[in-house]
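What's in structure-v7.cif: mmCIF, C-alpha atoms and all ligand atoms
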data_structure
#
loop_
_atom_site.label_atom_id
_atom_site.label_comp_id
_atom_site.auth_asym_id
_atom_site.auth_seq_id
_atom_site.Cartn_x
_atom_site.Cartn_y
_atom_site.Cartn_z
CA MET H 67 113.69 64.60 108.76
CA ILE H 68 112.36 68.07 109.44
CA TYR H 69 108.67 68.48 110.20
CA GLN H 70 107.83 70.95 107.42
CA ARG H 71 104.15 71.20 108.35
CA GLU H 72 104.83 71.84 112.04
CA LEU H 73 107.60 74.30 111.17
CA ALA H 74 105.21 76.25 108.90
CA MET H 75 102.57 76.28 111.68
CA ALA H 76 105.07 77.48 114.28
CA LYS H 77 106.25 80.22 111.89
CA SER H 78 102.73 81.44 111.19
CA ALA H 79 101.91 81.36 114.94
CA THR H 80 104.98 83.55 115.54
CA LYS H 81 103.74 85.98 112.88
CA VAL H 82 100.18 86.13 114.29
CA PHE H 83 101.42 86.68 117.86
CA GLU H 84 103.88 89.34 116.70
CA ASP H 85 101.11 91.24 114.86
CA LEU H 86 98.80 90.98 117.87
CA ALA H 87 101.54 92.25 120.19
CA LYS H 88 102.01 95.27 117.90
CA ASP H 89 98.24 95.97 117.91
CA LEU H 90 98.13 95.73 121.70
CA THR H 91 101.07 98.11 122.06
CA ARG H 92 99.22 100.61 119.88
CA LEU H 93 96.01 100.06 121.86
CA ILE H 94 97.69 100.63 125.22
CA GLY H 95 98.89 103.99 123.93
CA ASP H 96 95.32 105.02 122.97
CA ILE H 97 93.56 103.84 126.15
CA THR H 98 93.03 106.48 128.83
CA ASP H 99 91.16 104.35 131.43
CA SER H 100 93.90 103.03 133.73
CA ALA H 101 92.03 99.79 134.71
CA VAL H 102 91.54 98.84 131.06
CA LYS H 103 95.14 99.80 130.33
CA ARG H 104 96.28 97.37 133.07
CA GLN H 105 94.14 94.55 131.65
CA VAL H 106 95.49 95.08 128.16
CA GLY H 107 98.99 95.07 129.65
CA VAL H 108 98.31 91.64 131.20
CA ALA H 109 97.01 90.37 127.86
CA LYS H 110 100.20 91.62 126.23
CA GLU H 111 102.35 89.73 128.73
CA GLU H 112 100.42 86.52 128.09
CA LEU H 113 100.83 87.04 124.38
CA GLN H 114 104.57 87.46 124.93
CA ALA H 115 104.65 84.00 126.59
CA LEU H 116 102.81 82.52 123.59
CA LEU H 117 105.26 84.26 121.28
CA SER H 118 108.18 82.64 123.14
CA LEU H 119 106.45 79.28 122.88
CA ALA H 120 105.98 79.71 119.12
CA GLY H 121 109.68 80.63 118.87
CA PHE H 122 110.59 77.50 120.84
CA LEU H 123 108.49 75.32 118.50
CA GLU H 124 110.08 76.98 115.49
CA ALA H 125 113.54 76.11 116.84
CA LEU H 126 112.42 72.55 117.65
CA PHE H 127 111.22 71.87 114.12
CA SER H 128 114.03 73.70 112.28
CA PRO H 129 117.12 72.00 110.86
CA PRO H 130 119.99 71.85 113.40
CA ARG H 131 122.54 74.59 113.01
CA SER H 132 126.23 74.72 113.66
CA VAL H 133 127.10 77.36 116.25
CA PRO H 134 130.21 79.53 115.73
CA ALA H 135 133.07 78.66 118.08
CA GLY H 136 132.99 80.93 121.09
CA GLU H 137 129.25 81.58 120.97
CA LYS H 138 128.56 78.66 123.32
CA THR H 139 131.92 78.35 124.97
CA ALA H 140 130.53 76.41 127.92
CA PHE H 141 130.08 73.26 125.89
CA ARG H 142 131.21 73.81 122.32
CA GLU H 143 134.81 74.61 123.16
CA ASP H 144 134.76 71.85 125.66
CA ALA H 145 137.70 70.85 127.82
CA ALA H 146 137.63 67.54 125.95
CA LEU H 147 138.54 69.35 122.75
CA ARG H 148 141.48 70.89 124.56
CA ASP H 149 142.53 67.33 125.47
CA VAL H 150 142.54 66.53 121.76
CA CYS H 151 144.96 69.40 121.14
CA GLN H 152 147.16 68.02 123.92
CA TRP H 153 147.02 64.57 122.32
CA LEU H 154 148.00 66.06 118.95
CA ALA H 155 150.80 68.13 120.47
CA HIS H 156 152.37 64.96 121.94
CA TYR H 157 151.70 62.64 119.02
CA PRO H 158 155.10 61.17 118.11
CA SER H 159 154.58 61.04 114.34
CA GLN H 160 156.00 63.63 111.93
CA LYS H 161 152.76 63.71 109.90
CA ILE H 162 149.30 63.52 111.47
CA CYS H 163 146.15 62.92 109.43
CA VAL H 164 142.93 64.11 111.07
CA LEU H 165 139.41 63.35 109.84
CA ASP H 166 136.70 65.65 111.24
CA VAL H 167 133.35 63.94 110.67
CA GLY H 168 130.38 66.34 110.50
CA CYS H 169 132.87 69.22 110.58
CA GLY H 170 130.14 71.89 110.48
CA ILE H 171 131.45 75.42 110.25
CA GLY H 172 134.85 74.28 111.48
CA ASN H 173 134.89 74.46 115.27
CA VAL H 174 137.41 71.62 115.52
CA PRO H 175 140.00 73.10 113.13
CA VAL H 176 139.47 76.56 114.64
CA THR H 177 140.11 75.13 118.13
CA MET H 178 143.29 73.55 116.75
CA LEU H 179 144.36 76.92 115.27
CA HIS H 180 143.86 78.47 118.71
CA GLY H 181 145.51 75.70 120.68
CA LEU H 182 148.44 74.39 118.65
CA ALA H 183 151.84 75.89 117.85
CA PRO H 184 152.53 76.73 114.16
CA ALA H 185 155.14 73.95 113.90
CA MET H 186 152.52 71.49 115.10
CA LEU H 187 149.86 72.78 112.69
CA ALA H 188 152.35 72.34 109.86
CA LYS H 189 152.37 68.58 110.59
CA ILE H 190 148.61 68.15 110.29
CA THR H 191 146.71 67.01 107.23
CA TYR H 192 143.15 68.04 108.01
CA VAL H 193 140.18 66.50 106.17
CA GLY H 194 136.64 67.58 107.10
CA ILE H 195 133.44 66.01 105.82
CA ASP H 196 129.87 67.23 106.12
CA LYS H 197 126.59 66.54 104.36
CA ASP H 198 125.63 70.22 104.17
CA PRO H 199 126.85 71.81 100.88
CA LYS H 200 126.59 75.38 102.24
CA ILE H 201 128.85 74.51 105.17
CA VAL H 202 131.37 72.76 102.95
CA ASP H 203 131.44 75.71 100.49
CA GLY H 204 131.87 78.17 103.40
CA LEU H 205 134.96 76.36 104.68
CA ILE H 206 136.45 76.01 101.19
CA GLU H 207 135.97 79.78 100.71
CA ALA H 208 137.55 80.58 104.11
CA HIS H 209 140.55 78.46 103.12
CA LYS H 210 140.84 80.00 99.64
CA ASN H 211 140.49 83.57 100.95
CA HIS H 212 143.09 83.01 103.72
CA SER H 213 140.48 84.29 106.22
CA PRO H 214 141.93 84.81 109.70
CA LEU H 215 139.87 82.50 111.92
CA ALA H 216 141.79 82.52 115.17
CA LYS H 217 144.46 84.34 117.11
CA SER H 218 147.24 82.64 119.04
CA ASP H 219 147.97 83.67 122.63
CA ASP H 220 150.64 86.07 121.37
CA GLY H 221 148.15 87.77 119.02
CA GLN H 222 149.28 86.11 115.76
CA GLU H 223 146.48 85.56 113.23
CA ARG H 224 145.84 81.95 112.29
CA LYS H 225 144.14 80.61 109.16
CA LEU H 226 143.21 77.27 107.66
CA GLY H 227 146.26 77.47 105.37
CA ASP H 228 148.44 77.05 108.48
CA PHE H 229 147.70 73.32 108.38
CA PHE H 230 150.08 71.17 106.30
CA SER H 231 147.03 70.62 104.14
CA PHE H 232 143.34 71.42 104.50
CA ASP H 233 140.49 69.78 102.61
CA VAL H 234 136.73 69.56 103.04
CA HIS H 235 134.40 67.20 101.19
CA LEU H 236 130.67 66.92 100.79
CA VAL H 237 129.98 63.45 102.22
CA ASP H 238 126.98 61.96 104.00
CA VAL H 239 128.33 59.47 106.53
CA ALA H 240 125.71 57.00 105.33
CA ASN H 241 127.91 56.70 102.20
CA LEU H 242 131.25 56.63 103.99
CA SER H 243 132.13 53.08 102.93
CA GLN H 244 131.85 54.08 99.24
CA THR H 245 134.04 57.19 99.69
CA ILE H 246 137.82 57.19 99.36
CA LEU H 247 139.38 59.45 101.96
CA GLY H 248 142.63 57.70 102.97
CA LYS H 249 143.72 56.57 106.45
CA PHE H 250 143.83 58.66 109.60
CA ASP H 251 145.61 58.97 112.95
CA LEU H 252 142.71 60.78 114.56
CA VAL H 253 139.01 60.63 113.71
CA MET H 254 136.88 63.27 115.43
CA CYS H 255 133.11 63.24 115.83
CA HIS H 256 132.44 66.49 117.64
CA ASN H 257 128.77 67.17 118.29
CA LEU H 258 127.73 64.80 115.53
CA VAL H 259 126.32 61.59 117.01
CA HIS H 260 123.16 63.17 118.45
CA GLU H 261 122.20 63.95 114.82
CA ILE H 262 122.81 60.38 113.61
CA PRO H 263 119.86 57.97 113.87
CA PRO H 264 120.86 55.61 116.72
CA PHE H 265 120.63 52.41 114.67
CA ALA H 266 123.03 53.91 112.06
CA ILE H 267 125.80 54.44 114.64
CA PRO H 268 127.16 50.85 114.72
CA LYS H 269 127.74 50.93 110.94
CA LEU H 270 129.29 54.41 111.28
CA LEU H 271 131.69 53.10 113.95
CA SER H 272 132.61 50.20 111.69
CA ASP H 273 133.30 52.55 108.73
CA LEU H 274 135.33 54.94 110.91
CA ASN H 275 137.28 52.05 112.40
CA SER H 276 138.36 50.96 108.93
CA LEU H 277 139.62 54.50 108.24
CA LEU H 278 142.07 54.36 111.18
CA LYS H 279 145.72 53.66 110.48
CA SER H 280 146.70 50.32 111.94
CA GLU H 281 149.20 51.76 114.46
CA THR H 282 147.83 51.31 117.97
CA LEU H 283 147.99 55.06 118.68
CA ALA H 284 145.34 55.97 116.14
CA GLU H 285 142.07 56.97 117.80
CA ILE H 286 138.42 57.79 117.30
CA VAL H 287 137.22 60.58 119.59
CA VAL H 288 133.50 61.15 120.11
CA ILE H 289 132.35 64.25 121.97
CA ASP H 290 128.68 65.05 122.31
CA MET H 291 126.00 66.65 124.44
CA GLU H 292 124.12 64.46 126.92
CA VAL H 293 121.03 66.66 126.77
CA LEU H 294 119.77 69.16 124.24
CA PRO H 295 120.00 72.81 125.24
CA ARG H 296 116.52 74.34 125.43
CA ASP H 297 117.43 77.23 123.13
CA GLU H 298 118.48 74.74 120.45
CA PRO H 299 116.06 71.83 120.75
CA GLU H 300 116.05 69.37 117.84
CA SER H 301 113.06 67.22 117.08
CA ASP H 302 115.14 64.53 115.35
CA ALA H 303 117.97 63.98 117.78
CA PHE H 304 118.99 61.36 120.30
CA THR H 305 121.45 62.41 122.97
CA TRP H 306 123.49 59.55 124.42
CA GLY H 307 124.38 59.42 128.09
CA CYS H 308 128.04 58.92 128.95
CA ARG H 309 127.50 55.35 130.30
CA GLU H 310 125.13 54.44 127.46
CA PHE H 311 127.71 55.38 124.84
CA GLU H 312 130.36 53.43 126.70
CA ARG H 313 128.09 50.33 126.63
CA LEU H 314 127.57 50.80 122.91
CA LEU H 315 131.31 51.02 122.23
CA ARG H 316 131.97 47.86 124.26
CA ALA H 317 129.18 45.98 122.46
CA ALA H 318 130.78 47.09 119.17
CA GLY H 319 134.05 45.42 120.19
CA TYR H 320 136.07 48.24 121.78
CA LYS H 321 137.03 46.16 124.81
CA ASN H 322 138.28 48.80 127.25
CA ALA H 323 136.25 51.69 125.93
CA SER H 324 135.46 54.39 128.42
CA ALA H 325 133.69 57.70 128.34
CA THR H 326 134.07 60.66 130.64
CA LYS H 327 131.51 63.23 131.63
CA HIS H 328 132.14 66.98 131.57
CA ASP H 329 129.68 68.98 133.62
CA LYS H 330 129.36 72.10 131.53
CA SER H 331 126.24 74.28 131.32
CA VAL H 332 125.10 71.51 129.00
CA PRO H 333 126.62 68.19 130.14
CA VAL H 334 128.98 66.66 127.60
CA PHE H 335 130.58 63.22 127.31
CA SER H 336 133.78 62.34 125.53
CA SER H 337 135.04 58.90 124.63
CA VAL H 338 138.25 57.76 123.01
CA VAL H 339 138.87 54.38 121.40
CA THR H 340 141.77 52.87 119.52
CA LYS H 341 141.28 50.69 116.46
CA ALA H 342 139.28 47.51 117.15
CA GLU H 343 140.17 44.31 115.31
CA ASN H 344 136.59 43.98 114.27
CA VAL H 345 133.48 46.06 114.87
CA ASP H 346 130.49 43.86 115.68
CA VAL H 347 127.69 45.85 114.05
CA GLY H 348 124.98 43.26 114.90
CA ASN H 349 125.83 43.14 118.61
CA ALA H 350 126.08 46.94 118.76
CA CYS H 351 122.60 47.22 117.17
CA LEU H 352 121.24 44.97 119.94
CA GLU H 353 122.77 47.34 122.50
CA VAL H 354 121.21 50.32 120.69
CA ARG H 355 117.82 48.62 121.05
CA ARG H 356 118.36 48.00 124.79
CA VAL H 357 119.38 51.64 125.32
CA LEU H 358 116.39 52.97 123.37
CA GLU H 359 113.92 50.73 125.18
CA GLN H 360 115.29 51.73 128.59
CA ARG H 361 115.29 55.39 127.59
CA GLN H 362 111.69 55.18 126.39
CA LYS H 363 110.58 53.93 129.82
CA LEU H 364 112.42 56.81 131.52
CA LEU H 365 110.94 59.37 129.14
CA ILE H 366 107.42 58.10 129.75
CA ARG H 367 108.00 58.32 133.50
CA SER H 368 109.27 61.91 133.13
CA TYR H 369 106.23 62.79 131.05
CA GLU H 370 103.87 61.36 133.69
CA SER H 371 105.65 63.27 136.44
CA LEU H 372 105.48 66.53 134.45
CA ARG H 373 101.75 65.99 133.89
CA ARG H 374 101.16 65.50 137.62
CA GLN H 375 102.71 68.89 138.44
CA GLU H 376 100.46 71.87 138.97
CA ARG H 377 102.74 74.34 137.16
CA LYS H 378 101.62 75.26 133.67
CA ASP H 379 104.16 77.98 132.88
CA PHE H 380 106.16 78.49 129.71
CA VAL H 381 109.22 76.48 130.86
CA MET H 382 106.93 73.61 131.86
CA MET H 383 105.20 73.66 128.47
CA CYS H 384 108.59 73.50 126.72
CA ASP H 385 109.67 70.57 128.94
CA ILE H 386 106.48 68.66 128.14
CA ILE H 387 106.89 69.32 124.42
CA LEU H 388 110.55 68.23 124.50
CA VAL H 389 109.76 64.98 126.33
CA LEU H 390 106.93 64.22 123.92
CA ALA H 391 109.17 64.96 120.91
CA GLN H 392 111.80 62.58 122.30
CA ILE H 393 109.24 59.84 123.02
CA ALA H 394 108.01 60.16 119.42
CA TYR H 395 111.56 60.08 117.98
CA VAL H 396 112.61 57.00 119.98
CA ALA H 397 109.36 55.22 119.06
CA ARG H 398 109.95 55.98 115.38
CA CYS H 399 113.55 54.67 115.52
CA LEU H 400 112.41 51.42 117.17
CA GLU H 401 109.52 51.02 114.75
CA GLN H 402 111.68 51.59 111.65
CA GLU H 403 114.20 49.04 112.87
CA ASP H 404 111.42 46.47 113.43
CA HIS H 405 110.52 46.74 109.75
C1 LIG Q 501 125.97 70.19 115.60
S1 LIG Q 501 126.90 70.29 114.13
C2 LIG Q 501 128.53 70.10 114.77
C3 LIG Q 501 129.55 70.68 113.85
C4 LIG Q 501 130.98 70.68 114.34
N1 LIG Q 501 131.53 69.34 114.43
C5 LIG Q 501 131.07 71.38 115.68
O1 LIG Q 501 131.53 70.79 116.62
O2 LIG Q 501 130.66 72.54 115.79
C6 LIG Q 501 126.65 68.70 113.35
C7 LIG Q 501 127.16 68.67 111.93
O3 LIG Q 501 127.05 67.32 111.47
C8 LIG Q 501 126.60 67.33 110.14
N2 LIG Q 501 125.93 66.07 109.87
C9 LIG Q 501 124.79 65.60 110.42
N3 LIG Q 501 124.47 64.41 109.89
C10 LIG Q 501 125.44 64.11 108.99
C11 LIG Q 501 125.63 63.03 108.10
N4 LIG Q 501 124.75 62.04 108.03
N5 LIG Q 501 126.73 63.05 107.31
C12 LIG Q 501 127.60 64.09 107.37
N6 LIG Q 501 127.45 65.15 108.17
C13 LIG Q 501 126.38 65.17 108.98
C14 LIG Q 501 125.65 68.53 110.08
O4 LIG Q 501 125.50 69.00 108.74
C15 LIG Q 501 126.34 69.53 110.99
O5 LIG Q 501 127.20 70.37 110.27
#

Write out the structure in this file as structure tokens.
Amino acid sequence: MIYQRELAMAKSATKVFEDLAKDLTRLIGDITDSAVKRQVGVAKEELQALLSLAGFLEALFSPPRSVPAGEKTAFREDAALRDVCQWLAHYPSQKICVLDVGCGIGNVPVTMLHGLAPAMLAKITYVGIDKDPKIVDGLIEAHKNHSPLAKSDDGQERKLGDFFSFDVHLVDVANLSQTILGKFDLVMCHNLVHEIPPFAIPKLLSDLNSLLKSETLAEIVVIDMEVLPRDEPESDAFTWGCREFERLLRAAGYKNASATKHDKSVPVFSSVVTKAENVDVGNACLEVRRVLEQRQKLLIRSYESLRRQERKDFVMMCDIILVLAQIAYVARCLEQEDH
């Protein structure tokens, strides 16, 4: 859910502040009195801070966007994704079917094009799914047009057609159980789960589990951010901590599930599980509730500590807004589940 009203307000605030900043710039040029000029300069600086704040609010209330690979190398092309390429490179099967859930603009396949040898790519049947029609169309076009999307270490151009087969479908994961996609050796959720309402994750795990081939080597890999980057805040997102996600996986029935933490500029966790006999959606939902309730207490404590501080600068304002947005989101998730 995007807050249309708040987004419109943030956009109009940006416009007003931009116009004012232009007027002030003109004014400064016309003023000859140096004291007045200085005062107007201070006003302009304060306006600049408000403009940044309006921009921050605009980003907070806007739909999440998929960032091109390489633009945020510190966490998007995470070491964990490299591990996935290693896993693929050593997978003993002659044919490997990969499902990329919430594929976005294709960072996972592009990382594979970078990291895997052509002979390896030729073994992979890649299927991506996403709920955003523009994203799906973009990837289909890139495949059809043989667009070069990556270069190997020796400078060779790589394209989506280098996979044994490449397919993308418009699918909302809420409808995964009614969609026929086949069975997979590897199911990837890269930077997806923070966008999924927490109480929908147990059912998602159950659906993904049933899409795994029954061989014990087949895996689900979840990689996600532990906190939202300030330049891309999302009002409707819940970031799982590494240990919290591990607890959720265990409650769902993945007995030895573990997650590892990667301290990038934005901390990331990655977790790998093999097919469970049965995913206990009810028990996992209870764990989601425990995690949300604990998190809500922590968020409220952070909010109180931020309020006690004397600082009232731009960064502080953004922190307060982010904590409040998270408190509101968690409260809404808990409330909806109660009904
Ligand atoms: C942050 S992007 C990550 C994209 C890509 N996996 C990557 O690593 O760059 C999250 C993607 O998940 C998709 N998404 C979010 N909720 C979804 C849902 N319910 N069903 C399918 N796709 C979803 C969004 O459209 C978006 O493209």

Using only C-alpha atoms and all ligand atoms, which protein or nucleic acid residues are at most 8 Å from ligand LIG 501 (chain Q), as a PyMOL selection string?
chain H and resi 130-135+142+166-174+195-198+201+236-240+255-259+261-262

Those same residues - C-alpha atoms - I'd like them written as a tab-separated table (two decimals), in the coordinates of the input.
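Result saved to out.tsv:
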chain	number	residue	atom	x	y	z
H	130	PRO	CA	119.99	71.85	113.40
H	131	ARG	CA	122.54	74.59	113.01
H	132	SER	CA	126.23	74.72	113.66
H	133	VAL	CA	127.10	77.36	116.25
H	134	PRO	CA	130.21	79.53	115.73
H	135	ALA	CA	133.07	78.66	118.08
H	142	ARG	CA	131.21	73.81	122.32
H	166	ASP	CA	136.70	65.65	111.24
H	167	VAL	CA	133.35	63.94	110.67
H	168	GLY	CA	130.38	66.34	110.50
H	169	CYS	CA	132.87	69.22	110.58
H	170	GLY	CA	130.14	71.89	110.48
H	171	ILE	CA	131.45	75.42	110.25
H	172	GLY	CA	134.85	74.28	111.48
H	173	ASN	CA	134.89	74.46	115.27
H	174	VAL	CA	137.41	71.62	115.52
H	195	ILE	CA	133.44	66.01	105.82
H	196	ASP	CA	129.87	67.23	106.12
H	197	LYS	CA	126.59	66.54	104.36
H	198	ASP	CA	125.63	70.22	104.17
H	201	ILE	CA	128.85	74.51	105.17
H	236	LEU	CA	130.67	66.92	100.79
H	237	VAL	CA	129.98	63.45	102.22
H	238	ASP	CA	126.98	61.96	104.00
H	239	VAL	CA	128.33	59.47	106.53
H	240	ALA	CA	125.71	57.00	105.33
H	255	CYS	CA	133.11	63.24	115.83
H	256	HIS	CA	132.44	66.49	117.64
H	257	ASN	CA	128.77	67.17	118.29
H	258	LEU	CA	127.73	64.80	115.53
H	259	VAL	CA	126.32	61.59	117.01
H	261	GLU	CA	122.20	63.95	114.82
H	262	ILE	CA	122.81	60.38	113.61

Output as JSON the centre and edge lengths (Å, one decimal) of the box along x, y and z of the file that holds every listed atom of region 209-221 of chain H after adding 3 Å on each side.
{"center_x": 145.3, "center_y": 83.1, "center_z": 111.1, "size_x": 16.8, "size_y": 15.3, "size_z": 29.0}

Using all atoms listed in the file, which protein or nucleic acid residues come within 12 Å of His209 (chain H)? Drop anything in the same chain fewer than 2 positions from it, and give the result as a PyMOL selection string.
chain H and resi 171-172+175-176+192+202-207+211-215+224-229+231-234

Could you dump the residues just selected with C-alpha atoms as a PDB file, in the coordinates of the input?
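As written to disk, selection00.pdb reads:
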ATOM      1  CA  ILE H 171     131.450  75.420 110.250  1.00  0.00           C
ATOM      2  CA  GLY H 172     134.850  74.280 111.480  1.00  0.00           C
ATOM      3  CA  PRO H 175     140.000  73.100 113.130  1.00  0.00           C
ATOM      4  CA  VAL H 176     139.470  76.560 114.640  1.00  0.00           C
ATOM      5  CA  TYR H 192     143.150  68.040 108.010  1.00  0.00           C
ATOM      6  CA  VAL H 202     131.370  72.760 102.950  1.00  0.00           C
ATOM      7  CA  ASP H 203     131.440  75.710 100.490  1.00  0.00           C
ATOM      8  CA  GLY H 204     131.870  78.170 103.400  1.00  0.00           C
ATOM      9  CA  LEU H 205     134.960  76.360 104.680  1.00  0.00           C
ATOM     10  CA  ILE H 206     136.450  76.010 101.190  1.00  0.00           C
ATOM     11  CA  GLU H 207     135.970  79.780 100.710  1.00  0.00           C
ATOM     12  CA  ASN H 211     140.490  83.570 100.950  1.00  0.00           C
ATOM     13  CA  HIS H 212     143.090  83.010 103.720  1.00  0.00           C
ATOM     14  CA  SER H 213     140.480  84.290 106.220  1.00  0.00           C
ATOM     15  CA  PRO H 214     141.930  84.810 109.700  1.00  0.00           C
ATOM     16  CA  LEU H 215     139.870  82.500 111.920  1.00  0.00           C
ATOM     17  CA  ARG H 224     145.840  81.950 112.290  1.00  0.00           C
ATOM     18  CA  LYS H 225     144.140  80.610 109.160  1.00  0.00           C
ATOM     19  CA  LEU H 226     143.210  77.270 107.660  1.00  0.00           C
ATOM     20  CA  GLY H 227     146.260  77.470 105.370  1.00  0.00           C
ATOM     21  CA  ASP H 228     148.440  77.050 108.480  1.00  0.00           C
ATOM     22  CA  PHE H 229     147.700  73.320 108.380  1.00  0.00           C
ATOM     23  CA  SER H 231     147.030  70.620 104.140  1.00  0.00           C
ATOM     24  CA  PHE H 232     143.340  71.420 104.500  1.00  0.00           C
ATOM     25  CA  ASP H 233     140.490  69.780 102.610  1.00  0.00           C
ATOM     26  CA  VAL H 234     136.730  69.560 103.040  1.00  0.00           C
TER      27      VAL H 234
END

Which of H:Leu165, H:Leu187, H:Val339, H:Asp385 sits closest to Leu277 (chain H) [using only C-alpha atoms]:
H:Leu165

Just to confirm, what's the straight-line distance from CA of Ile94 (chain H) to CA of Asp379 (chain H) in Å (one decimal)?
24.8 Å

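Of the listed residues (H:Ser243, H:Gln160, H:Gln362, H:Thr80), H:Thr80 comes nearest to Phe122 (chain H); the distances count all atoms listed in the file.
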
Would you mind listing what lies within 12 Å of Glu403 (chain H) as a PyMOL selection string, with all atoms listed in the file counted and same-chain residues fewer than 6 positions away left out?
chain H and resi 263-266+351-352+354-355+358+396-397

Find the residues around Ala79 (chain H) up to 10 Å (all atoms listed in the file counted), leave out those fewer than 5 positions away in its own chain, and share them as a PyMOL selection string.
chain H and resi 73-74+84-85+116-117+119-121+123-124

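Near Ser371 (chain H), within 12 Å and counting only C-alpha atoms, sit Leu364, Leu365, Ile366, Arg367, Gln375, Glu376, Arg377, Met382, Asp385, Ile386 and Val389 of chain H, not including residues fewer than 4 positions from it in the same chain.
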
Find the spatial neighbours of region 321-323 of chain H, counting all atoms listed in the file, within a cut-off of 8 Å - ignore same-chain residues fewer than 3 positions away - and output them as a list in words.
Glu312, Leu315, Arg316, Ser337, Val338 and Val339 of chain H

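Going from CA of Cys151 (chain H) to CA of His235 (chain H) covers 22.7 Å.
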
Tell me which of H:Pro199, H:Gly194, H:Pro158, H:Gly181 sits closest to Asp220 (chain H), counting all atoms listed in the file.
H:Gly181

Separating CA of Ala394 (chain H) from CA of Met75 (chain H), to the nearest tenth of an Å, is a gap of 18.7 Å
